[in-house]
>>> print(open('entry.cif').read())   # mmCIF, C-alpha atoms
data_coords
#
loop_
_atom_site.label_atom_id
_atom_site.label_comp_id
_atom_site.auth_asym_id
_atom_site.auth_seq_id
_atom_site.Cartn_x
_atom_site.Cartn_y
_atom_site.Cartn_z
CA MET A 1 153.75 82.55 100.13
CA PRO A 2 152.69 85.68 98.19
CA GLN A 3 149.54 85.43 96.08
CA LYS A 4 151.51 85.94 92.83
CA GLN A 5 149.26 83.72 90.73
CA ASN A 6 146.04 85.18 92.09
CA PRO A 7 144.30 86.95 89.16
CA PHE A 8 142.37 89.18 91.56
CA VAL A 9 145.64 90.51 92.96
CA GLU A 10 147.25 90.76 89.54
CA ILE A 11 144.38 92.90 88.22
CA PHE A 12 144.91 95.40 91.02
CA LYS A 13 148.66 95.42 90.50
CA ASP A 14 148.25 96.16 86.81
CA PHE A 15 145.36 98.62 86.79
CA TRP A 16 144.84 100.27 90.19
CA GLU A 17 146.74 103.45 89.31
CA GLU A 18 144.99 103.75 85.95
CA PHE A 19 141.63 103.11 87.59
CA LYS A 20 142.16 105.98 90.05
CA GLN A 21 142.84 108.36 87.16
CA ARG A 22 139.51 107.44 85.58
CA LYS A 23 137.66 107.36 88.93
CA PRO A 24 139.16 110.17 91.09
CA ALA A 25 136.73 109.44 93.92
CA TYR A 26 138.83 106.36 94.72
CA ALA A 27 142.15 108.22 94.74
CA THR A 28 142.34 108.45 98.54
CA SER A 29 144.78 107.23 101.15
CA ASP A 30 142.11 104.95 102.65
CA TYR A 31 141.60 103.03 99.40
CA ASP A 32 145.33 103.02 98.67
CA GLU A 33 146.05 101.49 102.06
CA VAL A 34 143.69 98.52 101.74
CA VAL A 35 144.88 97.85 98.19
CA ARG A 36 148.54 98.00 99.27
CA LYS A 37 147.88 95.57 102.11
CA MET A 38 145.98 93.17 99.89
CA ILE A 39 148.68 93.13 97.21
CA SER A 40 151.43 92.47 99.75
CA CYS A 41 149.50 89.88 101.80
CA GLY A 42 151.73 86.93 102.66
CA ASP A 43 154.82 88.51 101.08
CA PRO A 44 157.84 88.00 103.41
CA ASN A 45 159.31 91.28 102.14
CA PHE A 46 156.66 93.04 104.23
CA GLY A 47 157.30 91.06 107.40
CA TYR A 48 157.35 87.41 108.33
CA ILE A 49 157.73 84.77 111.03
CA GLU A 50 160.65 82.39 110.63
CA TYR A 51 160.56 78.80 111.84
CA GLY A 52 163.70 76.74 112.25
CA CYS A 53 164.48 73.08 112.84
CA THR A 54 165.47 72.62 116.47
CA HIS A 55 167.24 69.38 115.60
CA CYS A 56 169.72 70.41 112.89
CA GLY A 57 169.49 74.18 113.16
CA GLU A 58 169.75 74.56 109.38
CA HIS A 59 166.32 74.15 107.82
CA LYS A 60 164.24 77.32 108.03
CA HIS A 61 160.78 78.28 106.83
CA ARG A 62 159.38 81.80 106.51
CA VAL A 63 155.69 82.64 106.70
CA GLY A 64 154.69 86.13 105.56
CA PHE A 65 152.31 88.20 107.63
CA THR A 66 148.71 88.33 106.46
CA CYS A 67 147.21 91.74 105.68
CA LYS A 68 143.80 91.42 107.41
CA SER A 69 142.44 93.81 104.78
CA PRO A 70 138.72 93.73 103.90
CA LEU A 71 139.77 93.67 100.24
CA CYS A 72 141.74 90.44 100.62
CA LEU A 73 140.00 87.25 99.55
CA ARG A 74 142.10 85.10 101.86
CA CYS A 75 141.91 87.26 105.00
CA GLY A 76 138.25 88.08 104.44
CA ARG A 77 137.40 84.41 104.89
CA VAL A 78 138.45 84.61 108.56
CA GLY A 79 136.17 87.59 109.20
CA SER A 80 133.36 85.79 107.42
CA GLU A 81 133.70 82.68 109.58
CA ASN A 82 133.76 84.78 112.76
CA PHE A 83 130.56 86.52 111.69
CA VAL A 84 128.84 83.17 111.08
CA PHE A 85 129.85 81.98 114.55
CA LYS A 86 128.52 85.12 116.27
CA VAL A 87 125.21 85.14 114.39
CA MET A 88 124.53 81.43 114.91
CA ASN A 89 125.03 81.93 118.65
CA ARG A 90 122.39 84.67 118.66
CA LEU A 91 119.66 82.69 116.89
CA HIS A 92 117.22 81.02 119.26
CA PRO A 93 116.66 77.25 119.10
CA GLY A 94 113.13 76.27 118.16
CA VAL A 95 112.25 79.67 116.66
CA VAL A 96 111.36 79.77 112.96
CA TYR A 97 113.08 82.53 111.00
CA ARG A 98 112.25 84.12 107.69
CA HIS A 99 114.64 85.47 105.09
CA LEU A 100 113.50 88.82 103.76
CA ILE A 101 115.11 90.58 100.76
CA LEU A 102 114.31 94.27 100.17
CA THR A 103 115.40 95.87 96.90
CA ILE A 104 115.19 99.34 95.36
CA PRO A 105 113.82 100.21 91.89
CA ASP A 106 116.35 101.02 89.17
CA GLN A 107 115.33 104.68 89.20
CA LEU A 108 116.78 105.11 92.71
CA LYS A 109 120.18 103.63 91.92
CA ASP A 110 121.63 106.95 90.74
CA LEU A 111 120.65 108.67 93.98
CA PHE A 112 122.14 105.87 96.07
CA TYR A 113 125.32 105.79 93.98
CA ARG A 114 125.86 109.54 94.27
CA HIS A 115 125.79 109.09 98.05
CA ARG A 116 127.51 105.68 98.13
CA ASN A 117 130.03 106.89 100.75
CA CYS A 118 127.39 108.54 102.92
CA LYS A 119 126.78 106.59 106.10
CA GLU A 120 123.63 108.62 106.81
CA LEU A 121 121.98 107.20 103.69
CA TYR A 122 122.78 103.60 104.56
CA ASN A 123 121.76 104.14 108.19
CA ALA A 124 118.40 105.42 106.94
CA PHE A 125 118.14 102.44 104.57
CA TYR A 126 118.73 100.03 107.47
CA LEU A 127 116.16 101.83 109.60
CA ALA A 128 113.58 101.77 106.79
CA GLY A 129 113.93 97.98 106.59
CA TRP A 130 113.58 97.62 110.35
CA GLU A 131 110.51 99.86 110.57
CA PHE A 132 108.98 98.03 107.61
CA ILE A 133 109.16 94.73 109.53
CA GLN A 134 107.60 96.19 112.66
CA ASP A 135 104.84 97.79 110.58
CA VAL A 136 104.00 94.59 108.69
CA PHE A 137 103.90 92.37 111.77
CA ALA A 138 101.76 94.90 113.65
CA LYS A 139 99.33 95.03 110.73
CA VAL A 140 99.12 91.23 110.50
CA THR A 141 98.68 90.54 114.21
CA GLY A 142 96.85 93.69 115.27
CA LYS A 143 99.36 94.08 118.09
CA ARG A 144 102.48 96.14 118.74
CA LEU A 145 105.29 93.63 118.50
CA HIS A 146 109.00 93.89 119.10
CA CYS A 147 110.58 91.56 116.53
CA GLY A 148 114.16 90.32 116.61
CA ALA A 149 116.03 90.72 113.32
CA ILE A 150 119.51 90.85 111.82
CA VAL A 151 119.78 93.32 108.93
CA VAL A 152 122.62 93.00 106.41
CA LEU A 153 123.40 95.43 103.59
CA HIS A 154 124.70 94.15 100.24
CA THR A 155 125.75 96.88 97.82
CA THR A 156 126.23 94.60 94.81
CA GLY A 157 124.13 92.09 92.92
CA ARG A 158 125.23 88.62 91.82
CA LYS A 159 126.49 90.08 88.58
CA GLY A 160 128.85 92.38 90.49
CA ASN A 161 127.02 95.59 89.57
CA TYR A 162 126.01 98.27 92.07
CA ARG A 163 122.66 97.12 93.44
CA PRO A 164 122.10 98.02 97.11
CA HIS A 165 119.59 95.79 98.86
CA LEU A 166 118.86 94.49 102.35
CA HIS A 167 118.92 90.90 103.56
CA ILE A 168 117.04 90.41 106.81
CA ILE A 169 116.85 87.36 109.05
CA VAL A 170 113.73 87.96 111.11
CA MET A 171 111.91 85.92 113.72
CA ASN A 172 108.51 84.68 112.60
CA GLY A 173 106.92 86.53 115.48
CA GLY A 174 107.72 88.87 118.32
CA ILE A 175 107.05 90.03 121.88
CA ASP A 176 103.75 91.78 122.49
CA LEU A 177 104.74 95.15 124.01
CA ILE A 178 101.54 95.22 126.08
CA SER A 179 101.28 91.68 127.48
CA GLY A 180 104.93 90.69 127.20
CA GLU A 181 103.91 87.41 125.56
CA TRP A 182 105.34 85.82 122.42
CA VAL A 183 103.08 86.08 119.36
CA ASN A 184 103.60 83.93 116.26
CA VAL A 185 102.99 85.46 112.85
CA GLY A 186 100.84 83.10 110.83
CA TYR A 187 100.06 83.11 107.15
CA PHE A 188 99.07 86.40 105.55
CA PRO A 189 98.77 87.60 101.93
CA TYR A 190 102.32 88.91 101.81
CA GLU A 191 102.34 89.09 97.99
CA LYS A 192 99.80 91.92 98.22
CA MET A 193 100.83 93.59 101.46
CA LEU A 194 104.64 93.62 101.43
CA PRO A 195 105.32 95.42 98.11
CA LYS A 196 103.06 98.37 99.00
CA LYS A 197 104.36 98.59 102.56
CA TRP A 198 107.99 98.53 101.41
CA GLN A 199 107.26 101.15 98.77
CA TRP A 200 105.84 103.48 101.43
CA HIS A 201 108.74 103.08 103.86
CA LEU A 202 111.44 103.32 101.18
CA LEU A 203 110.03 106.40 99.45
CA LYS A 204 109.45 108.12 102.78
CA MET A 205 113.09 107.47 103.65
CA VAL A 206 114.25 108.86 100.29
CA LYS A 207 112.16 112.03 100.66
CA ASP A 208 113.44 112.60 104.20
CA PHE A 209 117.05 112.08 103.10
CA ASP A 210 117.01 114.26 99.99
CA LYS A 211 114.52 117.10 100.08
CA SER A 212 115.39 118.45 96.62
CA LEU A 213 112.66 119.17 94.09
CA ASP A 214 114.10 116.62 91.66
CA THR A 215 113.87 113.86 94.25
CA LYS A 216 110.32 114.85 95.15
CA ARG A 217 109.36 114.58 91.47
CA LEU A 218 111.07 111.20 91.22
CA VAL A 219 109.19 109.88 94.26
CA ASP A 220 105.88 111.07 92.80
CA GLU A 221 106.72 109.31 89.51
CA LEU A 222 107.54 106.06 91.30
CA TRP A 223 104.17 106.06 93.08
CA ILE A 224 102.48 106.25 89.67
CA LYS A 225 104.80 103.86 87.84
CA TYR A 226 104.55 101.09 90.47
CA PRO A 227 100.93 101.01 91.68
CA ASN A 228 101.46 97.52 93.13
CA GLY A 229 104.58 98.44 95.11
CA PHE A 230 108.24 97.41 94.98
CA TYR A 231 109.58 93.90 94.60
CA ASN A 232 110.75 92.00 97.65
CA SER A 233 111.12 88.38 98.69
CA PHE A 234 109.82 86.88 101.94
CA LEU A 235 111.00 83.30 102.38
CA LYS A 236 110.12 80.92 105.17
CA GLY A 237 113.20 79.88 107.05
CA ASP A 238 114.02 77.22 109.60
CA VAL A 239 115.27 76.75 113.12
CA PRO A 240 118.92 77.84 113.60
CA SER A 241 120.40 74.44 112.75
CA GLY A 242 119.14 74.91 109.19
CA SER A 243 120.08 78.58 108.92
CA GLN A 244 123.86 78.33 108.74
CA HIS A 245 123.99 78.24 104.92
CA LEU A 246 121.99 81.49 104.81
CA VAL A 247 124.26 83.21 107.34
CA ARG A 248 127.31 82.14 105.34
CA TYR A 249 125.78 83.61 102.21
CA LEU A 250 125.11 86.92 103.97
CA SER A 251 128.58 87.09 105.46
CA LYS A 252 130.61 86.60 102.31
CA TYR A 253 129.83 90.08 100.96
CA LEU A 254 130.50 91.76 104.30
CA PHE A 255 134.08 90.68 104.89
CA ARG A 256 135.59 89.99 101.49
CA PRO A 257 135.33 91.20 97.91
CA GLN A 258 132.21 90.43 95.91
CA ILE A 259 133.93 87.85 93.75
CA SER A 260 135.95 84.70 94.31
CA VAL A 261 139.05 83.65 92.39
CA LYS A 262 137.33 80.56 90.99
CA ARG A 263 134.75 82.78 89.31
CA ILE A 264 137.46 84.61 87.34
CA LYS A 265 137.84 82.37 84.31
CA LYS A 266 140.28 84.44 82.28
CA TYR A 267 142.38 87.58 82.68
CA ASP A 268 143.94 88.92 79.48
CA ARG A 269 146.61 91.33 80.70
CA PRO A 270 147.41 93.03 77.33
CA THR A 271 143.79 93.98 76.66
CA GLY A 272 142.63 94.26 80.27
CA MET A 273 139.62 92.06 79.49
CA ILE A 274 138.29 89.85 82.27
CA THR A 275 135.94 86.89 81.90
CA TYR A 276 134.00 85.81 84.98
CA GLU A 277 130.85 83.88 85.78
CA TYR A 278 127.98 84.31 88.22
CA ALA A 279 124.84 82.43 89.22
CA ASP A 280 121.78 84.12 87.78
CA HIS A 281 118.89 83.67 90.23
CA ARG A 282 116.31 84.16 87.46
CA SER A 283 117.58 81.54 85.03
CA GLY A 284 119.13 79.32 87.70
CA LYS A 285 122.18 78.97 85.46
CA MET A 286 125.79 80.13 85.51
CA GLU A 287 126.12 83.17 83.24
CA VAL A 288 129.36 84.47 81.73
CA GLU A 289 130.32 88.16 81.70
CA ILE A 290 133.21 89.74 79.79
CA ILE A 291 134.24 93.25 80.85
#
>>> encode(input="entry.cif", output="structure tokens")
Amino acid sequence: MPQKQNPFVEIFKDFWEEFKQRKPAYATSDYDEVVRKMISCGDPNFGYIEYGCTHCGEHKHRVGFTCKSPLCLRCGRVGSENFVFKVMNRLHPGVVYRHLILTIPDQLKDLFYRHRNCKELYNAFYLAGWEFIQDVFAKVTGKRLHCGAIVVLHTTGRKGNYRPHLHIIVMNGGIDLISGEWVNVGYFPYEKMLPKKWQWHLLKMVKDFDKSLDTKRLVDELWIKYPNGFYNSFLKGDVPSGSQHLVRYLSKYLFRPQISVKRIKKYDRPTGMITYEYADHRSGKMEVEII
């Protein structure tokens, strides 16, 4: 059955063409294709399977094809579940994992947004997070370790705004590259070490990516403005059996849109105003946004 009462779909039906006029960067065949698929998902007019009663031969039931588009809330759930299954099978029983969140300062958002379709930037961002982990664990243990990690990029915050950051599931230890033995990472003053280390790796990545004079000035300013480094979160995890809720959280922004239908509280078609809610991690409460 078509998603005719789905406000997410209705918003795209009503305003996609107008949106492209205001934001020409999205007026491409690639974006048009995923939007078209999402809008027509489950609509028998775009293809269907028909089931019939083998007893009477009269009763028939049509099921429209799904779109399998990454923009579709319904189809994205399947991709999300598959991701959870694959990741859970790769986590090792008995190994403690940590959840690491690496953010960027507000001053770098413009640079990231200007290059938001540049895979080289995001590849460098991934690599900066990976090298940061190896650097920290080597500093803490005094040994060259090879640490297993899964790095996931989220480009939006809980509010739905553009806020690129990395979520990393990392083993609480690694293989010593010299002895080949497993080395656990014990307690260390991560509140002091991690912000400065992340600042160094992130700003180095930015300077290597954009060698313009403006970016060099910005990097110099950020060193002065944040003498204690950049914010990040390093949370102690659990063995794989307790990690599934985290993997589900990471997967939902990879395979489906950054909002669910239940969060859209009101859609006023004549004015185009949308009311939605989100969980604010600072206040711990559900906040309401009207846009």
>>> atom_distance(input="entry.cif", atom1="atom CA of Cys72 of chain A", atom2="atom CA of Arg256 of chain A")
6.2 Å
>>> resolve_selection(input="entry.cif", expression="the PyMOL selection byres ((chain A and resi 69) around 12)", output="number ranges by chain")
A: 30-42, 65-68, 70-79, 255-257
>>> write_last_selection(input="entry.cif", atoms="C-alpha atoms", output="PDB file, in the coordinates of the input")
ATOM      1  CA  ASP A  30     142.110 104.950 102.650  1.00  0.00           C
ATOM      2  CA  TYR A  31     141.600 103.030  99.400  1.00  0.00           C
ATOM      3  CA  ASP A  32     145.330 103.020  98.670  1.00  0.00           C
ATOM      4  CA  GLU A  33     146.050 101.490 102.060  1.00  0.00           C
ATOM      5  CA  VAL A  34     143.690  98.520 101.740  1.00  0.00           C
ATOM      6  CA  VAL A  35     144.880  97.850  98.190  1.00  0.00           C
ATOM      7  CA  ARG A  36     148.540  98.000  99.270  1.00  0.00           C
ATOM      8  CA  LYS A  37     147.880  95.570 102.110  1.00  0.00           C
ATOM      9  CA  MET A  38     145.980  93.170  99.890  1.00  0.00           C
ATOM     10  CA  ILE A  39     148.680  93.130  97.210  1.00  0.00           C
ATOM     11  CA  SER A  40     151.430  92.470  99.750  1.00  0.00           C
ATOM     12  CA  CYS A  41     149.500  89.880 101.800  1.00  0.00           C
ATOM     13  CA  GLY A  42     151.730  86.930 102.660  1.00  0.00           C
ATOM     14  CA  PHE A  65     152.310  88.200 107.630  1.00  0.00           C
ATOM     15  CA  THR A  66     148.710  88.330 106.460  1.00  0.00           C
ATOM     16  CA  CYS A  67     147.210  91.740 105.680  1.00  0.00           C
ATOM     17  CA  LYS A  68     143.800  91.420 107.410  1.00  0.00           C
ATOM     18  CA  PRO A  70     138.720  93.730 103.900  1.00  0.00           C
ATOM     19  CA  LEU A  71     139.770  93.670 100.240  1.00  0.00           C
ATOM     20  CA  CYS A  72     141.740  90.440 100.620  1.00  0.00           C
ATOM     21  CA  LEU A  73     140.000  87.250  99.550  1.00  0.00           C
ATOM     22  CA  ARG A  74     142.100  85.100 101.860  1.00  0.00           C
ATOM     23  CA  CYS A  75     141.910  87.260 105.000  1.00  0.00           C
ATOM     24  CA  GLY A  76     138.250  88.080 104.440  1.00  0.00           C
ATOM     25  CA  ARG A  77     137.400  84.410 104.890  1.00  0.00           C
ATOM     26  CA  VAL A  78     138.450  84.610 108.560  1.00  0.00           C
ATOM     27  CA  GLY A  79     136.170  87.590 109.200  1.00  0.00           C
ATOM     28  CA  PHE A 255     134.080  90.680 104.890  1.00  0.00           C
ATOM     29  CA  ARG A 256     135.590  89.990 101.490  1.00  0.00           C
ATOM     30  CA  PRO A 257     135.330  91.200  97.910  1.00  0.00           C
TER      31      PRO A 257
END
>>> closest_residue(input="entry.cif", among="A:Trp198, A:Tyr122, A:Phe8, A:Phe137", to="Ile104 of chain A", atoms="only C-alpha atoms")
A:Trp198
>>> atom_distance(input="entry.cif", atom1="atom CA of Val261 of chain A", atom2="atom CA of Thr155 of chain A")
19.5 Å
>>> residues_around(input="entry.cif", residues="Thr275 of chain A", least_positions_apart="2", cutoff="9 Å", atoms="all atoms listed in the file", output="VMD selection string")
chain A and resid 263 to 268 273 277 288 to 291
>>> decode(input="entry.cif", residues="segment 141-153 of chain A", atoms="all heavy atoms", output="PDB file, in the first residue's frame")
ATOM      1  N   THR A 141      50.190   2.886  26.314  1.00  0.00           N
ATOM      2  CA  THR A 141      50.836   1.606  26.607  1.00  0.00           C
ATOM      3  C   THR A 141      52.350   1.627  26.389  1.00  0.00           C
ATOM      4  O   THR A 141      53.060   0.739  26.869  1.00  0.00           O
ATOM      5  CB  THR A 141      50.250   0.491  25.724  1.00  0.00           C
ATOM      6  OG1 THR A 141      50.512   0.788  24.345  1.00  0.00           O
ATOM      7  CG2 THR A 141      48.742   0.370  25.948  1.00  0.00           C
ATOM      8  N   GLY A 142      52.836   2.611  25.633  1.00  0.00           N
ATOM      9  CA  GLY A 142      54.257   2.642  25.318  1.00  0.00           C
ATOM     10  C   GLY A 142      54.643   1.607  24.289  1.00  0.00           C
ATOM     11  O   GLY A 142      55.833   1.303  24.110  1.00  0.00           O
ATOM     12  N   LYS A 143      53.623   1.059  23.584  1.00  0.00           N
ATOM     13  CA  LYS A 143      53.886   0.029  22.583  1.00  0.00           C
ATOM     14  C   LYS A 143      53.129   0.343  21.298  1.00  0.00           C
ATOM     15  O   LYS A 143      52.115   1.043  21.312  1.00  0.00           O
ATOM     16  CB  LYS A 143      53.442  -1.348  23.096  1.00  0.00           C
ATOM     17  CG  LYS A 143      54.148  -1.775  24.373  1.00  0.00           C
ATOM     18  CD  LYS A 143      53.619  -3.112  24.864  1.00  0.00           C
ATOM     19  CE  LYS A 143      54.331  -3.532  26.142  1.00  0.00           C
ATOM     20  NZ  LYS A 143      53.849  -4.841  26.652  1.00  0.00           N
ATOM     21  N   ARG A 144      53.634  -0.164  20.188  1.00  0.00           N
ATOM     22  CA  ARG A 144      52.945  -0.003  18.906  1.00  0.00           C
ATOM     23  C   ARG A 144      51.864  -1.076  18.819  1.00  0.00           C
ATOM     24  O   ARG A 144      52.153  -2.265  18.702  1.00  0.00           O
ATOM     25  CB  ARG A 144      53.916  -0.131  17.738  1.00  0.00           C
ATOM     26  CG  ARG A 144      54.921   1.006  17.631  1.00  0.00           C
ATOM     27  CD  ARG A 144      55.817   0.808  16.429  1.00  0.00           C
ATOM     28  NE  ARG A 144      55.024   0.737  15.207  1.00  0.00           N
ATOM     29  CZ  ARG A 144      55.361   0.019  14.132  1.00  0.00           C
ATOM     30  NH1 ARG A 144      56.456  -0.729  14.161  1.00  0.00           N
ATOM     31  NH2 ARG A 144      54.609   0.021  13.060  1.00  0.00           N
ATOM     32  N   LEU A 145      50.621  -0.633  18.894  1.00  0.00           N
ATOM     33  CA  LEU A 145      49.500  -1.563  18.876  1.00  0.00           C
ATOM     34  C   LEU A 145      48.711  -1.456  17.580  1.00  0.00           C
ATOM     35  O   LEU A 145      48.614  -0.376  16.985  1.00  0.00           O
ATOM     36  CB  LEU A 145      48.551  -1.286  20.047  1.00  0.00           C
ATOM     37  CG  LEU A 145      49.088  -1.407  21.471  1.00  0.00           C
ATOM     38  CD1 LEU A 145      47.967  -1.189  22.459  1.00  0.00           C
ATOM     39  CD2 LEU A 145      49.743  -2.764  21.680  1.00  0.00           C
ATOM     40  N   HIS A 146      48.150  -2.569  17.182  1.00  0.00           N
ATOM     41  CA  HIS A 146      47.182  -2.566  16.082  1.00  0.00           C
ATOM     42  C   HIS A 146      45.816  -2.817  16.711  1.00  0.00           C
ATOM     43  O   HIS A 146      45.555  -3.902  17.231  1.00  0.00           O
ATOM     44  CB  HIS A 146      47.509  -3.650  15.054  1.00  0.00           C
ATOM     45  CG  HIS A 146      46.661  -3.555  13.820  1.00  0.00           C
ATOM     46  ND1 HIS A 146      46.794  -2.533  12.909  1.00  0.00           N
ATOM     47  CD2 HIS A 146      45.655  -4.345  13.360  1.00  0.00           C
ATOM     48  CE1 HIS A 146      45.912  -2.705  11.922  1.00  0.00           C
ATOM     49  NE2 HIS A 146      45.213  -3.781  12.189  1.00  0.00           N
ATOM     50  N   CYS A 147      44.950  -1.803  16.685  1.00  0.00           N
ATOM     51  CA  CYS A 147      43.679  -1.854  17.405  1.00  0.00           C
ATOM     52  C   CYS A 147      42.514  -2.027  16.428  1.00  0.00           C
ATOM     53  O   CYS A 147      42.422  -1.299  15.442  1.00  0.00           O
ATOM     54  CB  CYS A 147      43.471  -0.579  18.221  1.00  0.00           C
ATOM     55  SG  CYS A 147      44.910  -0.094  19.191  1.00  0.00           S
ATOM     56  N   GLY A 148      41.634  -2.961  16.729  1.00  0.00           N
ATOM     57  CA  GLY A 148      40.461  -3.167  15.895  1.00  0.00           C
ATOM     58  C   GLY A 148      39.400  -2.113  16.182  1.00  0.00           C
ATOM     59  O   GLY A 148      39.136  -1.784  17.340  1.00  0.00           O
ATOM     60  N   ALA A 149      38.803  -1.549  15.141  1.00  0.00           N
ATOM     61  CA  ALA A 149      37.792  -0.509  15.328  1.00  0.00           C
ATOM     62  C   ALA A 149      36.829  -0.478  14.150  1.00  0.00           C
ATOM     63  O   ALA A 149      37.176  -0.852  13.027  1.00  0.00           O
ATOM     64  CB  ALA A 149      38.454   0.858  15.490  1.00  0.00           C
ATOM     65  N   ILE A 150      35.617  -0.039  14.423  1.00  0.00           N
ATOM     66  CA  ILE A 150      34.621   0.228  13.382  1.00  0.00           C
ATOM     67  C   ILE A 150      34.312   1.715  13.453  1.00  0.00           C
ATOM     68  O   ILE A 150      33.895   2.223  14.496  1.00  0.00           O
ATOM     69  CB  ILE A 150      33.346  -0.598  13.606  1.00  0.00           C
ATOM     70  CG1 ILE A 150      33.663  -2.090  13.488  1.00  0.00           C
ATOM     71  CG2 ILE A 150      32.261  -0.201  12.601  1.00  0.00           C
ATOM     72  CD1 ILE A 150      32.504  -2.983  13.862  1.00  0.00           C
ATOM     73  N   VAL A 151      34.546   2.426  12.359  1.00  0.00           N
ATOM     74  CA  VAL A 151      34.369   3.877  12.316  1.00  0.00           C
ATOM     75  C   VAL A 151      33.141   4.210  11.479  1.00  0.00           C
ATOM     76  O   VAL A 151      33.020   3.775  10.338  1.00  0.00           O
ATOM     77  CB  VAL A 151      35.615   4.576  11.730  1.00  0.00           C
ATOM     78  CG1 VAL A 151      35.477   6.094  11.835  1.00  0.00           C
ATOM     79  CG2 VAL A 151      36.883   4.105  12.426  1.00  0.00           C
ATOM     80  N   VAL A 152      32.234   4.989  12.059  1.00  0.00           N
ATOM     81  CA  VAL A 152      30.980   5.352  11.393  1.00  0.00           C
ATOM     82  C   VAL A 152      30.860   6.876  11.346  1.00  0.00           C
ATOM     83  O   VAL A 152      31.072   7.549  12.355  1.00  0.00           O
ATOM     84  CB  VAL A 152      29.765   4.762  12.138  1.00  0.00           C
ATOM     85  CG1 VAL A 152      28.464   5.262  11.520  1.00  0.00           C
ATOM     86  CG2 VAL A 152      29.819   3.239  12.101  1.00  0.00           C
ATOM     87  N   LEU A 153      30.536   7.399  10.175  1.00  0.00           N
ATOM     88  CA  LEU A 153      30.349   8.837  10.006  1.00  0.00           C
ATOM     89  C   LEU A 153      28.877   9.197  10.106  1.00  0.00           C
ATOM     90  O   LEU A 153      28.044   8.607   9.424  1.00  0.00           O
ATOM     91  CB  LEU A 153      30.889   9.281   8.650  1.00  0.00           C
ATOM     92  CG  LEU A 153      30.532  10.704   8.210  1.00  0.00           C
ATOM     93  CD1 LEU A 153      31.255  11.732   9.084  1.00  0.00           C
ATOM     94  CD2 LEU A 153      30.875  10.919   6.737  1.00  0.00           C
TER      95      LEU A 153
END
